[in-house]
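Asks: Please read through the structure below; I'll follow up with questions.
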Amino acid sequence: MTYTDPLTGLGNRNRMREKVQQISAERASDPAPFTIGIANLDSFKPINDLFGSAAGDEILCQVAHRLKACIPDGALVTRHDGDEFAFVLPLIFERASAEKFGQMIREVLSAPYDLGDRNVRLSASFGFSIYPFAGEDCEELLKSAETALYRSKRRGRGQITVYSREIAQEMKRATQLEQALRNAIISDAIDVHFQPIVSLSNNQVVGFEALARWNDPDLGFVSPGVFVPLAEERGFIDALSEALLRKAAEAALSWPRDLFLSFNLSSAQLMDPGTSSSVLSILGRVGLDPHRLELEITETAVMGSADTAHRIIADLRAAGVRISLDDFGTGQSSLGRLRDFIFDKIKIDRAFVSRINSDRASEHIIKAILAMCEGLELEVVAEGIEDYAEAVKLRTLGCGMGQGYHFGRPADGIATLRFLHENYYDSAVTERVSA
């Protein structure tokens, strides 16, 4: 039992350590390379939670059976914690062979798992390390393989990574960035900037989208395209989003009451049943009317956990919060999402807007979206408007609202108030005089 996993009958960490020590001793005089690998099942926990631990155990046993059947002679497969399996591969000497082995195992594990009354499909991610380049003992090799596995997980499902010094440096930088970001959230150092959204009929500001900005004293400017996904990966996107929403809502209190605040929800938040109560609690503490808030979500985020997302959206809309579907046109089943979910607004992705005057297909796609939204009684915002010609074209086609550098770049709260005094209040006075 010291060397055996009781559930699957495979060896455990002790058995793996013994095997590595044996190979190392045999090759002490001529240290030829060998490889160890770690396989981790993607999204196993949700399946385990959905179908129960007995079904989860059955899947793990089927995984073990498949792995035992396909590993090479002389190799070892072990089960470590939870849904993690490991390999010792004495005859795999270099990167290409390790990747080829990973691809083979990935295909084997992707076949359906039979649970009696249903079948379940899973993918797996892999990390490999090669002796002696990635370590000279079992613990070093395991640590290197875990680093490679972590990089695979960051890149998505079903990925394969072989450890290298460059990957180690990349992961080290990511960890340093994570710590700096955590500290920035605690010290309330993440800023919110605001980009105007205008009515295309008269260029009047109707609202602002809140955008995260981080300028670290040591790291300099860090793109939200880097730190927001990192917060999602490391599991503290809720803390970041709550801090940003609070700041954005506080800033919106100083705007005219007819202007709305648009704020992005992450995919992780749409899988958390507590999101709606958290959002409404922040609005209550700040004192911002929920009817002035619009939450932007992407189709990809909705697809992560449709039932939970549906409940969150329903709760928020019941409280008066409006919901926008962001980046429309770039997902895989947008029309189906429009049927299954209730949205108030569609944001046309900049990929179409940027080519509206140069590509007939983009123009016709935008025309079709506008016609569809008119029939569904959905408001429309065109994103990424860069110049006057694009704005004119979209207005001519009947698009109601626009957003982009042509109307204003994202700016901090003080600059936003200055923008309002220069653009909104003057326009409002002119309209009253004209009336």
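Labeling convention for the structure tokens: chains A, B, ... as they appear, residues from 1 per chain, ligands from 1 in order of appearance.
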Pick out the residues sitting within 12 Å of A:Asp272, and hand them over as a list of chain:residue names; count only C-alpha atoms, and ignore anything fewer than 6 positions along from it in its own chain.
Replies: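 So, after excluding close chain neighbours, the residues are A:Gly235, A:Ile237, A:Asp238, A:Leu265, A:Ser266, A:Ser278, A:Val279, A:Ala301, A:Val302, A:Gly304, A:Ser305, A:Ala306, A:Asp307, A:Thr308, A:Ala309, A:His310, A:Arg311, A:Ile312, A:Ile313.
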Asks: Now that the selection is made, can you save its residues with all heavy atoms as a short mmCIF file (atom, residue, chain, number, x, y, z; two decimals), in the first residue's frame?
Replies:
data_model
loop_
_atom_site.label_atom_id
_atom_site.label_comp_id
_atom_site.auth_asym_id
_atom_site.auth_seq_id
_atom_site.Cartn_x
_atom_site.Cartn_y
_atom_site.Cartn_z
N GLY A 235 -7.52 33.05 -9.82
CA GLY A 235 -8.68 32.94 -8.94
C GLY A 235 -8.99 34.15 -8.09
O GLY A 235 -9.69 34.02 -7.08
N ILE A 237 -10.15 37.21 -9.65
CA ILE A 237 -10.83 38.17 -10.51
C ILE A 237 -11.98 38.85 -9.77
O ILE A 237 -12.29 40.02 -10.03
CB ILE A 237 -11.34 37.48 -11.80
CG1 ILE A 237 -11.91 38.52 -12.79
CG2 ILE A 237 -12.38 36.42 -11.48
CD1 ILE A 237 -10.93 39.50 -13.30
N ASP A 238 -12.61 38.15 -8.82
CA ASP A 238 -13.71 38.75 -8.07
C ASP A 238 -13.24 39.97 -7.29
O ASP A 238 -13.89 41.02 -7.31
CB ASP A 238 -14.32 37.73 -7.10
CG ASP A 238 -15.13 36.66 -7.81
OD1 ASP A 238 -15.37 36.82 -9.02
OD2 ASP A 238 -15.52 35.67 -7.16
N LEU A 265 -18.19 42.14 -17.17
CA LEU A 265 -18.13 40.97 -16.29
C LEU A 265 -17.28 39.90 -16.94
O LEU A 265 -17.36 39.67 -18.15
CB LEU A 265 -19.53 40.41 -16.04
CG LEU A 265 -20.42 41.08 -15.00
CD1 LEU A 265 -21.67 40.22 -14.79
CD2 LEU A 265 -19.71 41.28 -13.67
N SER A 266 -16.47 39.22 -16.14
CA SER A 266 -15.60 38.16 -16.66
C SER A 266 -16.35 36.83 -16.74
O SER A 266 -17.42 36.65 -16.15
CB SER A 266 -14.38 38.00 -15.76
OG SER A 266 -14.76 37.40 -14.53
N SER A 278 -23.36 40.30 -5.24
CA SER A 278 -22.16 41.11 -5.04
C SER A 278 -22.27 42.44 -5.78
O SER A 278 -21.98 43.51 -5.23
CB SER A 278 -20.92 40.34 -5.51
OG SER A 278 -19.77 41.16 -5.46
N VAL A 279 -22.70 42.39 -7.05
CA VAL A 279 -22.84 43.60 -7.85
C VAL A 279 -23.87 44.54 -7.23
O VAL A 279 -23.62 45.75 -7.06
CB VAL A 279 -23.27 43.24 -9.29
CG1 VAL A 279 -23.71 44.48 -10.06
CG2 VAL A 279 -22.12 42.56 -10.03
N ALA A 301 -18.05 33.88 -22.43
CA ALA A 301 -18.28 33.84 -20.99
C ALA A 301 -19.59 33.15 -20.66
O ALA A 301 -19.68 32.35 -19.73
CB ALA A 301 -18.27 35.25 -20.42
N VAL A 302 -20.63 33.43 -21.44
CA VAL A 302 -21.94 32.82 -21.21
C VAL A 302 -21.87 31.31 -21.40
O VAL A 302 -22.51 30.55 -20.67
CB VAL A 302 -22.98 33.44 -22.16
CG1 VAL A 302 -24.27 32.63 -22.15
CG2 VAL A 302 -23.25 34.88 -21.78
N GLY A 304 -19.60 29.25 -20.70
CA GLY A 304 -18.88 28.50 -19.67
C GLY A 304 -19.80 27.74 -18.74
O GLY A 304 -19.52 26.61 -18.38
N SER A 305 -20.87 28.37 -18.30
CA SER A 305 -21.83 27.73 -17.41
C SER A 305 -23.18 28.39 -17.66
O SER A 305 -23.58 29.32 -16.95
CB SER A 305 -21.40 27.89 -15.94
OG SER A 305 -22.31 27.26 -15.07
N ALA A 306 -23.87 27.92 -18.68
CA ALA A 306 -25.06 28.61 -19.19
C ALA A 306 -26.16 28.75 -18.13
O ALA A 306 -26.79 29.81 -18.03
CB ALA A 306 -25.60 27.89 -20.41
N ASP A 307 -26.41 27.71 -17.35
CA ASP A 307 -27.50 27.77 -16.37
C ASP A 307 -27.22 28.82 -15.30
O ASP A 307 -28.10 29.62 -14.96
CB ASP A 307 -27.70 26.40 -15.71
CG ASP A 307 -28.28 25.38 -16.68
OD1 ASP A 307 -28.85 25.80 -17.71
OD2 ASP A 307 -28.15 24.17 -16.42
N THR A 308 -26.00 28.82 -14.78
CA THR A 308 -25.63 29.81 -13.76
C THR A 308 -25.67 31.21 -14.34
O THR A 308 -26.19 32.15 -13.71
CB THR A 308 -24.23 29.51 -13.19
OG1 THR A 308 -24.21 28.19 -12.65
CG2 THR A 308 -23.85 30.50 -12.11
N ALA A 309 -25.13 31.37 -15.55
CA ALA A 309 -25.13 32.69 -16.20
C ALA A 309 -26.56 33.18 -16.41
O ALA A 309 -26.85 34.37 -16.22
CB ALA A 309 -24.40 32.60 -17.54
N HIS A 310 -27.45 32.29 -16.78
CA HIS A 310 -28.86 32.66 -17.00
C HIS A 310 -29.47 33.19 -15.72
O HIS A 310 -30.19 34.21 -15.73
CB HIS A 310 -29.63 31.44 -17.49
CG HIS A 310 -30.92 31.77 -18.17
ND1 HIS A 310 -32.04 32.16 -17.46
CD2 HIS A 310 -31.28 31.79 -19.49
CE1 HIS A 310 -33.03 32.40 -18.31
NE2 HIS A 310 -32.59 32.19 -19.54
N ARG A 311 -29.20 32.53 -14.59
CA ARG A 311 -29.76 32.98 -13.30
C ARG A 311 -29.18 34.34 -12.91
O ARG A 311 -29.90 35.21 -12.40
CB ARG A 311 -29.48 31.94 -12.22
CG ARG A 311 -30.33 30.68 -12.35
CD ARG A 311 -30.26 29.84 -11.09
NE ARG A 311 -28.92 29.35 -10.84
CZ ARG A 311 -28.44 28.22 -11.32
NH1 ARG A 311 -29.19 27.46 -12.11
NH2 ARG A 311 -27.21 27.83 -11.03
N ILE A 312 -27.87 34.51 -13.11
CA ILE A 312 -27.22 35.78 -12.76
C ILE A 312 -27.82 36.92 -13.58
O ILE A 312 -28.18 37.98 -13.04
CB ILE A 312 -25.70 35.69 -12.99
CG1 ILE A 312 -25.07 34.73 -11.98
CG2 ILE A 312 -25.04 37.07 -12.89
CD1 ILE A 312 -23.62 34.39 -12.29
N ILE A 313 -27.94 36.70 -14.89
CA ILE A 313 -28.50 37.74 -15.77
C ILE A 313 -29.93 38.06 -15.37
O ILE A 313 -30.33 39.23 -15.31
CB ILE A 313 -28.42 37.27 -17.24
CG1 ILE A 313 -26.96 37.24 -17.70
CG2 ILE A 313 -29.25 38.18 -18.15
CD1 ILE A 313 -26.76 36.61 -19.07
#
Asks: I'd like the neighbourhood of A:Lys393 as a list of chain:residue names, where a residue qualifies if any of its atoms comes within 9 Å (using only C-alpha atoms), though same-chain residues fewer than 6 positions away should be ignored.
Replies: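 Here the qualifying residues turn out to be A:Ile356, A:Asn357, A:Cys399.
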Asks: Take the residues from that selection and write them out as a PDB file, in the first residue's frame, keeping all heavy atoms.
Replies:
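Resulting contents of out.pdb:
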ATOM      1  N   ILE A 356     -15.758  48.615 -42.465  1.00  0.00           N
ATOM      2  CA  ILE A 356     -17.085  48.883 -43.014  1.00  0.00           C
ATOM      3  C   ILE A 356     -17.026  49.645 -44.342  1.00  0.00           C
ATOM      4  O   ILE A 356     -17.882  49.479 -45.206  1.00  0.00           O
ATOM      5  CB  ILE A 356     -17.947  49.655 -41.989  1.00  0.00           C
ATOM      6  CG1 ILE A 356     -19.394  49.707 -42.468  1.00  0.00           C
ATOM      7  CG2 ILE A 356     -17.389  51.054 -41.722  1.00  0.00           C
ATOM      8  CD1 ILE A 356     -20.352  50.242 -41.430  1.00  0.00           C
ATOM      9  N   ASN A 357     -15.989  50.474 -44.557  1.00  0.00           N
ATOM     10  CA  ASN A 357     -15.884  51.247 -45.791  1.00  0.00           C
ATOM     11  C   ASN A 357     -14.953  50.617 -46.826  1.00  0.00           C
ATOM     12  O   ASN A 357     -14.769  51.174 -47.912  1.00  0.00           O
ATOM     13  CB  ASN A 357     -15.398  52.665 -45.476  1.00  0.00           C
ATOM     14  CG  ASN A 357     -16.501  53.513 -44.861  1.00  0.00           C
ATOM     15  OD1 ASN A 357     -17.617  53.516 -45.345  1.00  0.00           O
ATOM     16  ND2 ASN A 357     -16.177  54.213 -43.779  1.00  0.00           N
ATOM     17  N   CYS A 399     -27.338  52.688 -37.244  1.00  0.00           N
ATOM     18  CA  CYS A 399     -26.778  52.279 -35.953  1.00  0.00           C
ATOM     19  C   CYS A 399     -27.002  53.396 -34.937  1.00  0.00           C
ATOM     20  O   CYS A 399     -26.731  54.570 -35.210  1.00  0.00           O
ATOM     21  CB  CYS A 399     -25.288  51.986 -36.105  1.00  0.00           C
ATOM     22  SG  CYS A 399     -24.520  51.354 -34.598  1.00  0.00           S
TER      23      CYS A 399
END
Asks: Between A:Asp216, A:Glu170, A:Glu374, A:Glu58, single out the one closest to A:Ile190, counting only C-alpha atoms.
Replies: A:Asp216
Asks: What parts of stretch 266-324 of chain A does DSSP call alpha helix (DSSP H)? I'd like the answer as a ChimeraX atom specification.
Replies: /A:275-286,299-304,306-318
Asks: Give the strand (DSSP E or B) residues of stretch 280-377 of chain A, as assigned by DSSP on the backbone, as a list of chain:residue names.
Replies: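 Selection result, strand (DSSP E or B) within stretch 280-377 of chain A: A:Leu293, A:Glu294, A:Leu295, A:Glu296, A:Ile297, A:Thr298, A:Arg322, A:Ile323, A:Ser324, A:Leu325, A:Asp326, A:Asp327, A:Phe328, A:Lys345, A:Ile346, A:Lys347, A:Ile348.
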Asks: Quick one: write out the picked residues with N, CA, C and O atoms as a tab-separated table (two decimals), in the first residue's frame?
Replies:
chain	number	residue	atom	x	y	z
A	293	LEU	N	-26.63	51.21	-14.57
A	293	LEU	CA	-25.52	50.27	-14.83
A	293	LEU	C	-25.87	49.34	-15.98
A	293	LEU	O	-26.96	48.78	-16.04
A	294	GLU	N	-24.92	49.20	-16.90
A	294	GLU	CA	-25.00	48.18	-17.94
A	294	GLU	C	-23.80	47.25	-17.78
A	294	GLU	O	-22.67	47.72	-17.65
A	295	LEU	N	-24.05	45.97	-17.77
A	295	LEU	CA	-22.97	44.99	-17.65
A	295	LEU	C	-22.73	44.34	-19.00
A	295	LEU	O	-23.66	43.83	-19.62
A	296	GLU	N	-21.48	44.36	-19.43
A	296	GLU	CA	-21.11	43.76	-20.71
A	296	GLU	C	-20.58	42.35	-20.48
A	296	GLU	O	-19.72	42.13	-19.63
A	297	ILE	N	-21.11	41.40	-21.24
A	297	ILE	CA	-20.64	40.03	-21.16
A	297	ILE	C	-20.37	39.53	-22.57
A	297	ILE	O	-20.95	40.03	-23.54
A	298	THR	N	-19.49	38.57	-22.69
A	298	THR	CA	-19.19	38.00	-24.00
A	298	THR	C	-19.90	36.65	-24.14
A	298	THR	O	-20.25	36.00	-23.15
A	322	ARG	N	-29.02	46.65	-16.84
A	322	ARG	CA	-29.14	46.25	-18.25
A	322	ARG	C	-27.94	45.38	-18.63
A	322	ARG	O	-26.86	45.52	-18.08
A	323	ILE	N	-28.15	44.49	-19.61
A	323	ILE	CA	-27.12	43.54	-20.03
A	323	ILE	C	-26.81	43.73	-21.51
A	323	ILE	O	-27.71	43.73	-22.35
A	324	SER	N	-25.51	43.89	-21.81
A	324	SER	CA	-25.05	44.01	-23.19
A	324	SER	C	-24.26	42.77	-23.59
A	324	SER	O	-23.47	42.26	-22.79
A	325	LEU	N	-24.46	42.33	-24.82
A	325	LEU	CA	-23.66	41.23	-25.37
A	325	LEU	C	-22.50	41.86	-26.15
A	325	LEU	O	-22.70	42.49	-27.19
A	326	ASP	N	-21.30	41.69	-25.63
A	326	ASP	CA	-20.11	42.35	-26.18
A	326	ASP	C	-19.52	41.51	-27.31
A	326	ASP	O	-19.71	40.30	-27.38
A	327	ASP	N	-18.76	42.18	-28.19
A	327	ASP	CA	-18.02	41.53	-29.28
A	327	ASP	C	-18.94	40.68	-30.16
A	327	ASP	O	-18.55	39.59	-30.61
A	328	PHE	N	-20.14	41.16	-30.41
A	328	PHE	CA	-21.10	40.35	-31.16
A	328	PHE	C	-20.59	40.10	-32.58
A	328	PHE	O	-20.05	40.96	-33.24
A	345	LYS	N	-28.86	45.03	-25.16
A	345	LYS	CA	-28.03	45.76	-26.12
A	345	LYS	C	-27.02	44.81	-26.75
A	345	LYS	O	-26.59	43.84	-26.12
A	346	ILE	N	-26.65	45.12	-27.98
A	346	ILE	CA	-25.62	44.38	-28.70
A	346	ILE	C	-24.48	45.34	-29.04
A	346	ILE	O	-24.72	46.47	-29.48
A	347	LYS	N	-23.25	44.90	-28.84
A	347	LYS	CA	-22.09	45.70	-29.24
A	347	LYS	C	-21.43	45.00	-30.43
A	347	LYS	O	-20.95	43.87	-30.30
A	348	ILE	N	-21.42	45.67	-31.58
A	348	ILE	CA	-20.83	45.09	-32.78
A	348	ILE	C	-19.31	45.16	-32.67
A	348	ILE	O	-18.74	46.22	-32.43
Asks: List the spatial neighbours of A:Arg157 as a list in words - criterion: any atom at most 8 Å away, only C-alpha atoms, same-chain residues fewer than 4 positions off excluded.
Replies: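 The neighbour list is Asp42, Ser123, Ala124, Ser125, Ser152 and Lys153 of chain A.
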Asks: When you count only C-alpha atoms, which of these residues is closest to A:Gly52: A:Ser277, A:Arg79, A:Arg151, A:Leu115?
Replies: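 For A:Gly52, the nearest of the given residues is A:Leu115.
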Asks: Looking at A:Asn423, A:Glu136, A:Gln195, A:Ser129, which one is nearest to A:Ile167, with distances taken over only C-alpha atoms?
Replies: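 So, comparing all the options, the nearest one is A:Ser129.
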Asks: Any idea what the distance is between atom CA of A:Ile185 and atom CA of A:Ala239?
Replies: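 That distance, rounded to one decimal, is 7.4 Å.
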Asks: To one decimal place, how far is atom CA of A:Arg360 from atom CA of A:Gly398 in Å?
Replies: 16.8 Å
Asks: Ranking A:Ile282, A:Val206, A:Leu142, A:Ala184 by minimum distance to A:Val20 and counting only C-alpha atoms, which one comes first?
Replies: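 Under the stated criterion, the closest residue is A:Leu142.
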Asks: Please list as a PyMOL selection string every residue within 12 Å of A:Ser281, counting only C-alpha atoms and excluding residues in the same chain fewer than 2 positions away.
Replies: chain A and resi 242+245-246+249+274-279+283-290+316+319
Asks: Compile the contact shell of A:Thr416 as JSON, numbers by chain: residues with an atom at most 10 Å away, counting only C-alpha atoms, same-chain residues fewer than 5 positions apart removed.
Replies: {"A": [193, 194, 195, 196, 208, 251, 255, 408, 409, 410, 411, 421, 422]}
Asks: What lies within 9 Å of A:Arg13 using only C-alpha atoms, ignoring chain neighbours under 6 positions off, as a short mmCIF file (atom, residue, chain, number, x, y, z; two decimals) with N, CA, C and O atoms, in the first residue's frame?
Replies:
data_model
loop_
_atom_site.label_atom_id
_atom_site.label_comp_id
_atom_site.auth_asym_id
_atom_site.auth_seq_id
_atom_site.Cartn_x
_atom_site.Cartn_y
_atom_site.Cartn_z
N TYR A 3 3.19 1.87 -1.91
CA TYR A 3 3.56 2.21 -3.28
C TYR A 3 2.38 2.18 -4.24
O TYR A 3 2.57 2.33 -5.44
N THR A 4 1.16 1.96 -3.74
CA THR A 4 0.02 1.74 -4.62
C THR A 4 -1.11 2.71 -4.33
O THR A 4 -1.44 2.99 -3.17
N ASP A 5 -1.72 3.22 -5.39
CA ASP A 5 -2.92 4.05 -5.26
C ASP A 5 -4.11 3.12 -5.05
O ASP A 5 -4.38 2.26 -5.90
N THR A 78 1.71 6.42 -12.91
CA THR A 78 1.29 6.50 -11.52
C THR A 78 0.15 7.50 -11.40
O THR A 78 -0.05 8.35 -12.27
N ARG A 79 -0.59 7.37 -10.31
CA ARG A 79 -1.61 8.38 -10.01
C ARG A 79 -1.18 9.17 -8.79
O ARG A 79 -0.80 8.60 -7.77
N HIS A 80 -1.26 10.49 -8.94
CA HIS A 80 -0.93 11.35 -7.81
C HIS A 80 -2.23 11.89 -7.21
O HIS A 80 -3.22 11.17 -7.13
N ALA A 86 0.97 10.57 -13.61
CA ALA A 86 2.36 10.87 -13.99
C ALA A 86 2.98 9.68 -14.70
O ALA A 86 2.52 8.54 -14.57
#
